[in-house]
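Below is the file input.pdb, which contains PDB, C-alpha atoms and all ligand atoms.
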ATOM      1  CA  MET A 232       0.000   0.000   0.000
ATOM      2  CA  PRO A 233       1.503   3.411  -0.900
ATOM      3  CA  GLU A 234       1.767   6.033   1.814
ATOM      4  CA  LYS A 235      -1.468   7.992   2.252
ATOM      5  CA  PRO A 236      -1.280  10.855  -0.242
ATOM      6  CA  PRO A 237      -1.861  13.987   1.747
ATOM      7  CA  VAL A 238      -4.475  16.397   0.402
ATOM      8  CA  ARG A 239      -4.145  19.633   2.322
ATOM      9  CA  LEU A 240      -7.129  21.792   3.159
ATOM     10  CA  GLY A 241      -6.722  25.542   2.846
ATOM     11  CA  LEU A 242      -9.579  27.540   4.348
ATOM     12  CA  ASN A 243     -10.462  30.727   2.525
ATOM     13  CA  ILE A 244     -11.526  33.267   5.174
ATOM     14  CA  ASP A 245     -12.724  36.020   2.802
ATOM     15  CA  HIS A 246     -16.357  35.364   3.672
ATOM     16  CA  VAL A 247     -15.759  35.987   7.370
ATOM     17  CA  ALA A 248     -14.399  39.414   6.422
ATOM     18  CA  THR A 249     -17.449  40.027   4.213
ATOM     19  CA  LEU A 250     -19.704  39.391   7.215
ATOM     20  CA  ARG A 251     -17.607  41.676   9.430
ATOM     21  CA  ASN A 252     -17.592  44.464   6.863
ATOM     22  CA  ALA A 253     -21.383  44.299   6.470
ATOM     23  CA  ARG A 254     -21.707  46.140   9.793
ATOM     24  CA  GLY A 255     -18.445  48.033   9.744
ATOM     25  CA  GLY A 256     -17.188  46.714  13.086
ATOM     26  CA  ALA A 257     -14.509  44.236  14.098
ATOM     27  CA  ARG A 258     -16.618  41.053  14.404
ATOM     28  CA  PRO A 259     -16.590  38.317  13.298
ATOM     29  CA  ASP A 260     -12.810  38.504  13.247
ATOM     30  CA  PRO A 261     -11.322  36.605  10.255
ATOM     31  CA  ILE A 262      -8.096  35.990  12.172
ATOM     32  CA  GLU A 263     -10.006  34.394  15.038
ATOM     33  CA  ALA A 264     -11.736  32.227  12.399
ATOM     34  CA  ALA A 265      -8.312  31.262  11.045
ATOM     35  CA  ARG A 266      -7.147  30.302  14.540
ATOM     36  CA  ILE A 267     -10.216  28.136  15.178
ATOM     37  CA  ALA A 268      -9.975  26.523  11.720
ATOM     38  CA  VAL A 269      -6.327  25.571  12.135
ATOM     39  CA  LYS A 270      -7.061  24.091  15.556
ATOM     40  CA  ALA A 271      -9.899  22.059  14.001
ATOM     41  CA  GLY A 272      -7.700  20.676  11.213
ATOM     42  CA  ALA A 273      -7.234  23.197   8.398
ATOM     43  CA  ASP A 274      -3.687  22.997   7.028
ATOM     44  CA  GLY A 275      -3.473  26.568   5.844
ATOM     45  CA  ILE A 276      -5.297  29.854   5.445
ATOM     46  CA  THR A 277      -6.147  31.481   2.145
ATOM     47  CA  ALA A 278      -7.140  35.124   1.830
ATOM     48  CA  HIS A 279      -7.736  37.271  -1.245
ATOM     49  CA  LEU A 280      -6.646  40.879  -0.885
ATOM     50  CA  ARG A 281      -8.673  42.505  -3.647
ATOM     51  CA  GLU A 282      -7.859  45.837  -5.214
ATOM     52  CA  ASP A 283     -11.132  47.272  -3.819
ATOM     53  CA  ARG A 284     -10.555  45.673  -0.344
ATOM     54  CA  ARG A 285     -14.169  44.528  -0.356
ATOM     55  CA  HIS A 286     -13.490  41.785   2.198
ATOM     56  CA  ILE A 287      -9.934  41.143   3.390
ATOM     57  CA  ARG A 288      -7.939  44.284   4.252
ATOM     58  CA  ASP A 289      -4.220  44.969   4.502
ATOM     59  CA  GLU A 290      -4.372  44.820   8.307
ATOM     60  CA  ASP A 291      -5.940  41.318   8.112
ATOM     61  CA  ILE A 292      -3.035  40.071   6.022
ATOM     62  CA  ARG A 293      -0.538  41.583   8.423
ATOM     63  CA  ARG A 294      -2.307  39.977  11.393
ATOM     64  CA  ILE A 295      -2.623  36.522   9.787
ATOM     65  CA  LYS A 296       1.097  36.553   9.148
ATOM     66  CA  ALA A 297       1.862  37.732  12.693
ATOM     67  CA  GLU A 298      -0.657  35.630  14.637
ATOM     68  CA  ILE A 299      -1.254  32.406  12.696
ATOM     69  CA  ALA A 300       1.526  29.846  12.415
ATOM     70  CA  ALA A 301      -0.105  27.849   9.575
ATOM     71  CA  PRO A 302       0.942  28.736   6.015
ATOM     72  CA  LEU A 303      -0.746  31.748   4.428
ATOM     73  CA  ASN A 304      -1.743  31.546   0.783
ATOM     74  CA  LEU A 305      -2.278  35.123  -0.396
ATOM     75  CA  GLU A 306      -4.554  35.343  -3.415
ATOM     76  CA  MET A 307      -3.900  38.459  -5.433
ATOM     77  CA  ALA A 308      -4.078  40.096  -8.812
ATOM     78  CA  ALA A 309      -0.794  40.391 -10.686
ATOM     79  CA  THR A 310      -0.369  44.125 -10.063
ATOM     80  CA  GLU A 311       2.561  46.212  -8.866
ATOM     81  CA  GLU A 312       0.684  47.199  -5.688
ATOM     82  CA  MET A 313      -0.047  43.580  -4.709
ATOM     83  CA  THR A 314       3.454  42.394  -5.611
ATOM     84  CA  ALA A 315       4.916  45.032  -3.279
ATOM     85  CA  ILE A 316       2.547  43.977  -0.473
ATOM     86  CA  ALA A 317       3.414  40.300  -0.984
ATOM     87  CA  LEU A 318       7.146  40.955  -0.980
ATOM     88  CA  ALA A 319       6.817  42.987   2.223
ATOM     89  CA  THR A 320       4.529  40.426   3.938
ATOM     90  CA  LYS A 321       6.250  37.262   2.700
ATOM     91  CA  PRO A 322       3.346  34.815   2.820
ATOM     92  CA  HIS A 323       4.146  31.135   2.336
ATOM     93  CA  ALA A 324       2.477  31.255  -1.087
ATOM     94  CA  CYS A 325       0.877  33.665  -3.528
ATOM     95  CA  CYS A 326      -1.852  32.539  -5.854
ATOM     96  CA  LEU A 327      -2.165  34.874  -8.837
ATOM     97  CA  VAL A 328      -5.789  35.277  -9.847
ATOM     98  CA  PRO A 329      -7.597  37.373 -12.430
ATOM     99  CA  GLU A 330      -9.607  40.214 -10.934
ATOM    100  CA  ARG A 331     -12.444  42.257 -12.350
ATOM    101  CA  ARG A 332     -14.127  44.922 -10.241
ATOM    102  CA  GLN A 333     -17.684  43.995 -11.206
ATOM    103  CA  GLU A 334     -17.432  40.252 -10.516
ATOM    104  CA  LEU A 335     -19.045  38.629  -7.456
ATOM    105  CA  THR A 336     -16.125  36.230  -7.078
ATOM    106  CA  THR A 337     -13.173  35.101  -9.198
ATOM    107  CA  GLU A 338     -14.770  34.152 -12.483
ATOM    108  CA  GLY A 339     -12.605  32.035 -14.773
ATOM    109  CA  GLY A 340      -8.926  31.289 -14.529
ATOM    110  CA  LEU A 341      -5.937  33.490 -15.223
ATOM    111  CA  ASP A 342      -4.963  33.753 -18.887
ATOM    112  CA  ALA A 343      -1.397  32.571 -18.364
ATOM    113  CA  VAL A 344      -0.886  32.272 -22.130
ATOM    114  CA  GLY A 345      -2.112  35.728 -23.143
ATOM    115  CA  GLY A 346      -0.638  37.377 -20.030
ATOM    116  CA  GLU A 347       2.726  35.653 -20.047
ATOM    117  CA  ALA A 348       4.807  38.770 -20.771
ATOM    118  CA  HIS A 349       3.151  40.632 -17.889
ATOM    119  CA  LEU A 350       3.091  37.685 -15.467
ATOM    120  CA  LEU A 351       6.619  36.367 -15.964
ATOM    121  CA  PRO A 352       8.500  39.171 -14.127
ATOM    122  CA  ILE A 353       5.992  39.038 -11.244
ATOM    123  CA  VAL A 354       6.306  35.259 -10.918
ATOM    124  CA  LYS A 355      10.069  35.689 -10.887
ATOM    125  CA  ARG A 356      10.110  38.520  -8.330
ATOM    126  CA  LEU A 357       7.821  36.638  -5.958
ATOM    127  CA  GLY A 358       9.848  33.456  -6.406
ATOM    128  CA  ASP A 359      13.112  35.331  -5.781
ATOM    129  CA  GLY A 360      11.470  36.714  -2.640
ATOM    130  CA  GLY A 361      11.098  33.145  -1.334
ATOM    131  CA  ILE A 362       7.339  32.955  -2.014
ATOM    132  CA  ARG A 363       5.782  29.901  -3.641
ATOM    133  CA  VAL A 364       3.871  31.106  -6.662
ATOM    134  CA  SER A 365       0.709  29.453  -7.822
ATOM    135  CA  LEU A 366      -1.271  30.342 -10.958
ATOM    136  CA  PHE A 367      -5.046  29.954 -10.790
ATOM    137  CA  ILE A 368      -5.854  28.580 -14.242
ATOM    138  CA  ASP A 369      -8.569  26.720 -16.090
ATOM    139  CA  PRO A 370      -7.746  23.029 -16.646
ATOM    140  CA  GLU A 371      -6.304  23.562 -20.120
ATOM    141  CA  PRO A 372      -3.013  22.117 -21.421
ATOM    142  CA  ARG A 373      -1.854  25.423 -22.947
ATOM    143  CA  GLN A 374      -2.331  27.206 -19.616
ATOM    144  CA  ILE A 375      -0.313  24.521 -17.845
ATOM    145  CA  GLU A 376       2.429  24.780 -20.463
ATOM    146  CA  ALA A 377       2.579  28.549 -19.880
ATOM    147  CA  ALA A 378       2.899  27.978 -16.113
ATOM    148  CA  VAL A 379       5.789  25.582 -16.755
ATOM    149  CA  ARG A 380       7.499  28.094 -19.080
ATOM    150  CA  MET A 381       7.226  30.782 -16.391
ATOM    151  CA  GLY A 382       8.746  28.536 -13.736
ATOM    152  CA  ALA A 383       5.711  28.670 -11.423
ATOM    153  CA  PRO A 384       6.025  25.721  -9.006
ATOM    154  CA  VAL A 385       2.267  25.359  -8.436
ATOM    155  CA  VAL A 386      -0.973  25.600 -10.384
ATOM    156  CA  GLU A 387      -4.408  25.811  -8.826
ATOM    157  CA  LEU A 388      -7.028  24.386 -11.171
ATOM    158  CA  HIS A 389     -10.317  26.289 -11.352
ATOM    159  CA  THR A 390     -13.094  23.872 -10.412
ATOM    160  CA  GLY A 391     -15.940  26.350 -11.015
ATOM    161  CA  GLN A 392     -17.275  24.863 -14.243
ATOM    162  CA  TYR A 393     -17.253  21.372 -12.786
ATOM    163  CA  CYS A 394     -19.040  22.496  -9.613
ATOM    164  CA  ASP A 395     -21.639  24.508 -11.542
ATOM    165  CA  ALA A 396     -22.488  21.477 -13.694
ATOM    166  CA  TRP A 397     -22.617  19.201 -10.649
ATOM    167  CA  ILE A 398     -24.955  21.515  -8.736
ATOM    168  CA  ALA A 399     -27.193  21.901 -11.813
ATOM    169  CA  GLY A 400     -27.483  18.098 -11.994
ATOM    170  CA  GLU A 401     -25.951  18.051 -15.492
ATOM    171  CA  GLU A 402     -24.325  14.667 -15.032
ATOM    172  CA  ALA A 403     -22.647  14.247 -18.407
ATOM    173  CA  THR A 404     -21.175  17.762 -18.325
ATOM    174  CA  ALA A 405     -20.029  17.331 -14.727
ATOM    175  CA  GLN A 406     -18.294  14.059 -15.595
ATOM    176  CA  ALA A 407     -16.647  15.630 -18.636
ATOM    177  CA  GLU A 408     -15.430  18.541 -16.487
ATOM    178  CA  LEU A 409     -14.119  16.170 -13.806
ATOM    179  CA  ASP A 410     -12.263  14.203 -16.499
ATOM    180  CA  ARG A 411     -10.810  17.463 -17.801
ATOM    181  CA  LEU A 412      -9.592  18.331 -14.275
ATOM    182  CA  ALA A 413      -8.103  14.849 -13.807
ATOM    183  CA  TRP A 414      -6.312  15.035 -17.107
ATOM    184  CA  ALA A 415      -4.984  18.539 -16.444
ATOM    185  CA  ALA A 416      -3.827  17.535 -12.949
ATOM    186  CA  THR A 417      -1.878  14.586 -14.350
ATOM    187  CA  LEU A 418      -0.364  16.709 -17.105
ATOM    188  CA  ALA A 419       0.725  19.387 -14.602
ATOM    189  CA  ALA A 420       2.089  16.854 -12.102
ATOM    190  CA  SER A 421       4.045  15.042 -14.817
ATOM    191  CA  ALA A 422       5.612  18.405 -15.743
ATOM    192  CA  GLY A 423       6.793  18.695 -12.127
ATOM    193  CA  LEU A 424       4.155  21.136 -10.865
ATOM    194  CA  GLU A 425       2.300  20.749  -7.594
ATOM    195  CA  VAL A 426      -1.423  20.728  -8.271
ATOM    196  CA  HIS A 427      -4.057  22.485  -6.170
ATOM    197  CA  ALA A 428      -7.718  23.003  -6.946
ATOM    198  CA  GLY A 429     -10.564  25.169  -5.788
ATOM    199  CA  HIS A 430     -13.600  27.328  -6.393
ATOM    200  CA  GLY A 431     -17.188  26.407  -5.713
ATOM    201  CA  LEU A 432     -16.363  23.085  -4.037
ATOM    202  CA  ASP A 433     -18.819  21.558  -1.555
ATOM    203  CA  PHE A 434     -18.583  18.447   0.609
ATOM    204  CA  GLU A 435     -19.364  16.086  -2.297
ATOM    205  CA  THR A 436     -17.292  17.708  -5.015
ATOM    206  CA  ALA A 437     -14.351  18.008  -2.601
ATOM    207  CA  THR A 438     -14.471  14.205  -2.213
ATOM    208  CA  HIS A 439     -14.386  13.805  -5.999
ATOM    209  CA  LEU A 440     -11.423  16.143  -6.353
ATOM    210  CA  ALA A 441      -9.516  14.502  -3.492
ATOM    211  CA  ALA A 442      -9.987  11.166  -5.276
ATOM    212  CA  LEU A 443      -7.966  12.382  -8.277
ATOM    213  CA  PRO A 444      -4.397  11.038  -8.093
ATOM    214  CA  ASP A 445      -2.492  14.284  -8.541
ATOM    215  CA  ILE A 446      -4.327  16.789  -6.351
ATOM    216  CA  ARG A 447      -2.300  17.933  -3.320
ATOM    217  CA  GLU A 448      -4.340  20.815  -1.909
ATOM    218  CA  LEU A 449      -7.904  22.083  -1.994
ATOM    219  CA  ASN A 450      -8.716  25.713  -1.229
ATOM    220  CA  ILE A 451     -12.274  26.075  -0.028
ATOM    221  CA  GLY A 452     -14.184  28.991   1.433
ATOM    222  CA  HIS A 453     -17.851  29.640   0.871
ATOM    223  CA  VAL A 454     -19.316  26.242   1.715
ATOM    224  CA  ILE A 455     -17.308  25.903   4.933
ATOM    225  CA  ILE A 456     -18.040  29.407   6.216
ATOM    226  CA  GLY A 457     -21.685  29.064   5.171
ATOM    227  CA  GLU A 458     -22.027  25.739   6.972
ATOM    228  CA  ALA A 459     -20.213  27.163   9.991
ATOM    229  CA  VAL A 460     -23.172  29.505  10.540
ATOM    230  CA  LEU A 461     -25.313  26.417  11.125
ATOM    231  CA  ILE A 462     -23.012  23.884  12.758
ATOM    232  CA  GLY A 463     -20.015  25.899  13.943
ATOM    233  CA  LEU A 464     -16.627  26.355  12.288
ATOM    234  CA  PRO A 465     -14.762  23.451  13.964
ATOM    235  CA  GLU A 466     -17.518  21.012  12.927
ATOM    236  CA  ALA A 467     -17.621  22.404   9.376
ATOM    237  CA  ILE A 468     -13.850  21.920   9.098
ATOM    238  CA  ARG A 469     -14.115  18.377  10.455
ATOM    239  CA  ARG A 470     -16.864  17.567   7.930
ATOM    240  CA  MET A 471     -14.711  18.844   5.102
ATOM    241  CA  ARG A 472     -11.701  16.907   6.369
ATOM    242  CA  ALA A 473     -13.854  13.758   6.421
ATOM    243  CA  ALA A 474     -15.062  14.479   2.861
ATOM    244  CA  ILE A 475     -11.455  14.828   1.697
ATOM    245  CA  ALA A 476     -10.438  11.664   3.558
ATOM    246  CA  ASP A 477     -13.216   9.773   1.717
ATOM    247  CA  GLY A 478     -11.769  10.943  -1.580
ATOM    248  CA  VAL A 479      -8.272   9.883  -0.566
ATOM    249  CA  GLU A 480      -9.602   6.420   0.395
ATOM    250  CA  LYS A 481     -11.216   6.119  -3.046
ATOM    251  CA  ARG A 482      -7.964   7.155  -4.639
ATOM    252  CA  LEU A 483      -6.031   4.491  -2.744
ATOM    253  CA  GLY A 484      -8.659   1.867  -3.610
ATOM    254  CA  ALA A 485      -8.429   2.703  -7.314
ATOM    255  CA  HIS A 486      -4.637   2.638  -7.127
ATOM    256  CA  ALA A 487      -4.617  -0.787  -5.443
ATOM    257  CA  ALA A 488      -7.095  -2.184  -8.024
ATOM    258  CA  THR A 489      -4.901  -0.985 -10.922
ATOM    259  CA  GLN A 490      -1.834  -2.566  -9.333
ATOM    260  CA  GLN A 491      -3.656  -5.897  -8.895
ATOM    261  CA  GLN A 492      -4.739  -5.880 -12.543
ATOM    262  CA  GLN A 493      -1.140  -5.305 -13.584
ATOM    263  CA  GLN A 494       0.141  -8.296 -11.577
TER     264      GLN A 494
HETATM  265  N1  LIG A 501      -9.341  29.349  -4.940
HETATM  266  C1  LIG A 501      -9.343  30.559  -5.552
HETATM  267  C2  LIG A 501      -8.169  30.907  -6.416
HETATM  268  C3  LIG A 501     -10.404  31.473  -5.379
HETATM  269  O1  LIG A 501     -10.380  32.666  -6.010
HETATM  270  C4  LIG A 501     -11.463  31.126  -4.508
HETATM  271  C5  LIG A 501     -12.565  32.103  -4.264
HETATM  272  O2  LIG A 501     -12.096  33.215  -3.601
HETATM  273  C6  LIG A 501     -11.404  29.876  -3.870
HETATM  274  C7  LIG A 501     -10.350  28.999  -4.116
HETATM  275  C8  LIG A 501     -12.478  29.426  -2.909
HETATM  276  O3  LIG A 501     -13.711  29.380  -3.559
HETATM  277  P1  LIG A 501     -15.037  29.093  -2.716
HETATM  278  O4  LIG A 501     -15.229  30.238  -1.781
HETATM  279  O5  LIG A 501     -16.083  29.021  -3.779
HETATM  280  O6  LIG A 501     -14.835  27.799  -1.999
END
Turn this file's structure into structure tokens for me.
Amino acid sequence: MPEKPPVRLGLNIDHVATLRNARGGARPDPIEAARIAVKAGADGITAHLREDRRHIRDEDIRRIKAEIAAPLNLEMAATEEMTAIALATKPHACCLVPERRQELTTEGGLDAVGGEAHLLPIVKRLGDGGIRVSLFIDPEPRQIEAAVRMGAPVVELHTGQYCDAWIAGEEATAQAELDRLAWAATLAASAGLEVHAGHGLDFETATHLAALPDIRELNIGHVIIGEAVLIGLPEAIRRMRAAIADGVEKRLGAHAATQQQQQ
């Protein structure tokens, strides 16, 4: 039996900040949420510092870095302002995401192919600053090839289209999207990249993603924070950990079956 492949869980705390900002005060405190989540089993904390600061603010990033020992994955647009903040803060990782002011959330992956000339120096500067750079891309071979060319060590695959199809009950489309994610994950891993995934995942789709052989980290926010309102944050984290563990078990089962067939 191979060693259990770890699939890390990164909790995105943006939605706690959204709730805080709705009333302009200090509560609920996203950093307190991060502390509780890590204690309950989250491996890392993800936060998106948007240009318009609509949820997470600069002071939140500073406090996460100062008060939370778990790795911080800073999601950010590839701008000069954000690069300077990242280099000053030195998070464990930076995930470069596309950002449009009007969008509700990050819609679609980064165009690593079309934006290569702009992205390359930023990827390099962050990397030289000791930060692990991840590119949030759609599961497309040409986007993965661009990430490899730029020397990004990590890609995060956008799971939005898969999750939308799954929630809509469009089985054939959901399966096709899951196959596309699996294929992209294998392609990226075989090129030496570490593969993460996220966006729109729930307890079921997280199991399906964790069952794919090459996924090493899932970044999840909305469903966990939403569920936390009903069952509490520690319990919501534990439920998600259990969902991921189910996927890992399935992965190991499939791996063992393939090995038996080959013998
Ligand atoms: N990963 C990235 C790059 C994202 O932009 C987001 C949304 O902020 C997430 C993961 C988490 O998505 P969700 O809140 O839908 O779980």
Find the residues around Ala442 (chain A) up to 12 Å (all atoms listed in the file counted), leave out those fewer than 2 positions away in its own chain, and share them as JSON, numbers by chain. {"A": [235, 236, 237, 238, 409, 410, 412, 413, 416, 435, 436, 437, 438, 439, 440, 444, 445, 446, 447, 448, 449, 474, 475, 476, 477, 478, 479, 480, 481, 482, 483, 484, 485, 486]}
Which of these, A:Ala324, A:Ala415, A:Met471, A:Ile316, has the shortest distance to Ile368 (chain A) once you count only C-alpha atoms?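 With only C-alpha atoms as the atom set, the closest residue is A:Ala415.
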Given 8 Å and all atoms listed in the file, residues near ligand LIG 501 (chain A) as a ChimeraX atom specification: /A:243,245-246,277-279,306,326-328,336-338,367,387,389,391,428-433,449-455
From the set A:Gly241, A:Arg285, A:Arg294, A:Glu466, which residue has the shortest atom-to-atom contact distance to Ala273 (chain A), counting all atoms listed in the file? A:Gly241
Rounded to one decimal place, report the CA of Ala271 (chain A)-CA of Pro259 (chain A) distance in Å. 17.6 Å
Residues matched by the PyMOL selection byres (((chain A and resi 341-348) around 12) and not hetatm), written as a VMD selection string: chain A and resid 307 to 309 326 to 331 337 to 340 349 to 355 365 to 383 386 to 389
Selection: 8 Å around Ile362 (chain A), all atoms listed in the file, excl. self and same-chain fewer than 5 positions, as a compact mmCIF listing (two decimals) with C-alpha atoms, keeping the file's coordinate frame:
# COMPACT_ATOMS: atom_id res chain seq x y z
CA LYS A 321 6.25 37.26 2.70
CA PRO A 322 3.35 34.82 2.82
CA HIS A 323 4.15 31.14 2.34
CA ALA A 324 2.48 31.26 -1.09
CA CYS A 325 0.88 33.66 -3.53
CA LEU A 357 7.82 36.64 -5.96
Residue completion, region 417-431 of chain A, N, CA and C atoms, as a PDB file, in the frame of the given file:
ATOM      1  N   THR A 417      -2.934  15.544 -14.011  1.00  0.00           N
ATOM      2  CA  THR A 417      -1.878  14.586 -14.350  1.00  0.00           C
ATOM      3  C   THR A 417      -0.825  15.238 -15.250  1.00  0.00           C
ATOM      4  N   LEU A 418      -1.297  16.022 -16.203  1.00  0.00           N
ATOM      5  CA  LEU A 418      -0.364  16.709 -17.105  1.00  0.00           C
ATOM      6  C   LEU A 418       0.542  17.653 -16.301  1.00  0.00           C
ATOM      7  N   ALA A 419      -0.058  18.423 -15.399  1.00  0.00           N
ATOM      8  CA  ALA A 419       0.725  19.387 -14.602  1.00  0.00           C
ATOM      9  C   ALA A 419       1.696  18.657 -13.677  1.00  0.00           C
ATOM     10  N   ALA A 420       1.224  17.589 -13.038  1.00  0.00           N
ATOM     11  CA  ALA A 420       2.089  16.854 -12.102  1.00  0.00           C
ATOM     12  C   ALA A 420       3.245  16.208 -12.862  1.00  0.00           C
ATOM     13  N   SER A 421       2.966  15.698 -14.070  1.00  0.00           N
ATOM     14  CA  SER A 421       4.045  15.042 -14.817  1.00  0.00           C
ATOM     15  C   SER A 421       5.063  16.073 -15.316  1.00  0.00           C
ATOM     16  N   ALA A 422       4.658  17.340 -15.374  1.00  0.00           N
ATOM     17  CA  ALA A 422       5.612  18.405 -15.743  1.00  0.00           C
ATOM     18  C   ALA A 422       6.331  18.935 -14.504  1.00  0.00           C
ATOM     19  N   GLY A 423       6.072  18.330 -13.348  1.00  0.00           N
ATOM     20  CA  GLY A 423       6.793  18.695 -12.127  1.00  0.00           C
ATOM     21  C   GLY A 423       6.101  19.751 -11.278  1.00  0.00           C
ATOM     22  N   LEU A 424       4.869  20.126 -11.649  1.00  0.00           N
ATOM     23  CA  LEU A 424       4.155  21.136 -10.865  1.00  0.00           C
ATOM     24  C   LEU A 424       3.387  20.475  -9.732  1.00  0.00           C
ATOM     25  N   GLU A 425       3.214  21.209  -8.631  1.00  0.00           N
ATOM     26  CA  GLU A 425       2.300  20.749  -7.594  1.00  0.00           C
ATOM     27  C   GLU A 425       0.907  21.255  -7.964  1.00  0.00           C
ATOM     28  N   VAL A 426      -0.089  20.383  -7.775  1.00  0.00           N
ATOM     29  CA  VAL A 426      -1.423  20.728  -8.271  1.00  0.00           C
ATOM     30  C   VAL A 426      -2.400  20.954  -7.111  1.00  0.00           C
ATOM     31  N   HIS A 427      -2.995  22.141  -7.116  1.00  0.00           N
ATOM     32  CA  HIS A 427      -4.057  22.485  -6.170  1.00  0.00           C
ATOM     33  C   HIS A 427      -5.340  22.676  -6.969  1.00  0.00           C
ATOM     34  N   ALA A 428      -6.449  22.771  -6.248  1.00  0.00           N
ATOM     35  CA  ALA A 428      -7.718  23.003  -6.946  1.00  0.00           C
ATOM     36  C   ALA A 428      -8.650  23.754  -6.022  1.00  0.00           C
ATOM     37  N   GLY A 429      -9.586  24.466  -6.609  1.00  0.00           N
ATOM     38  CA  GLY A 429     -10.564  25.169  -5.788  1.00  0.00           C
ATOM     39  C   GLY A 429     -11.504  26.018  -6.598  1.00  0.00           C
ATOM     40  N   HIS A 430     -12.536  26.435  -5.955  1.00  0.00           N
ATOM     41  CA  HIS A 430     -13.600  27.328  -6.393  1.00  0.00           C
ATOM     42  C   HIS A 430     -14.931  26.594  -6.535  1.00  0.00           C
ATOM     43  N   GLY A 431     -15.839  26.954  -5.635  1.00  0.00           N
ATOM     44  CA  GLY A 431     -17.188  26.407  -5.713  1.00  0.00           C
ATOM     45  C   GLY A 431     -17.329  24.998  -5.155  1.00  0.00           C
TER      46      GLY A 431
END
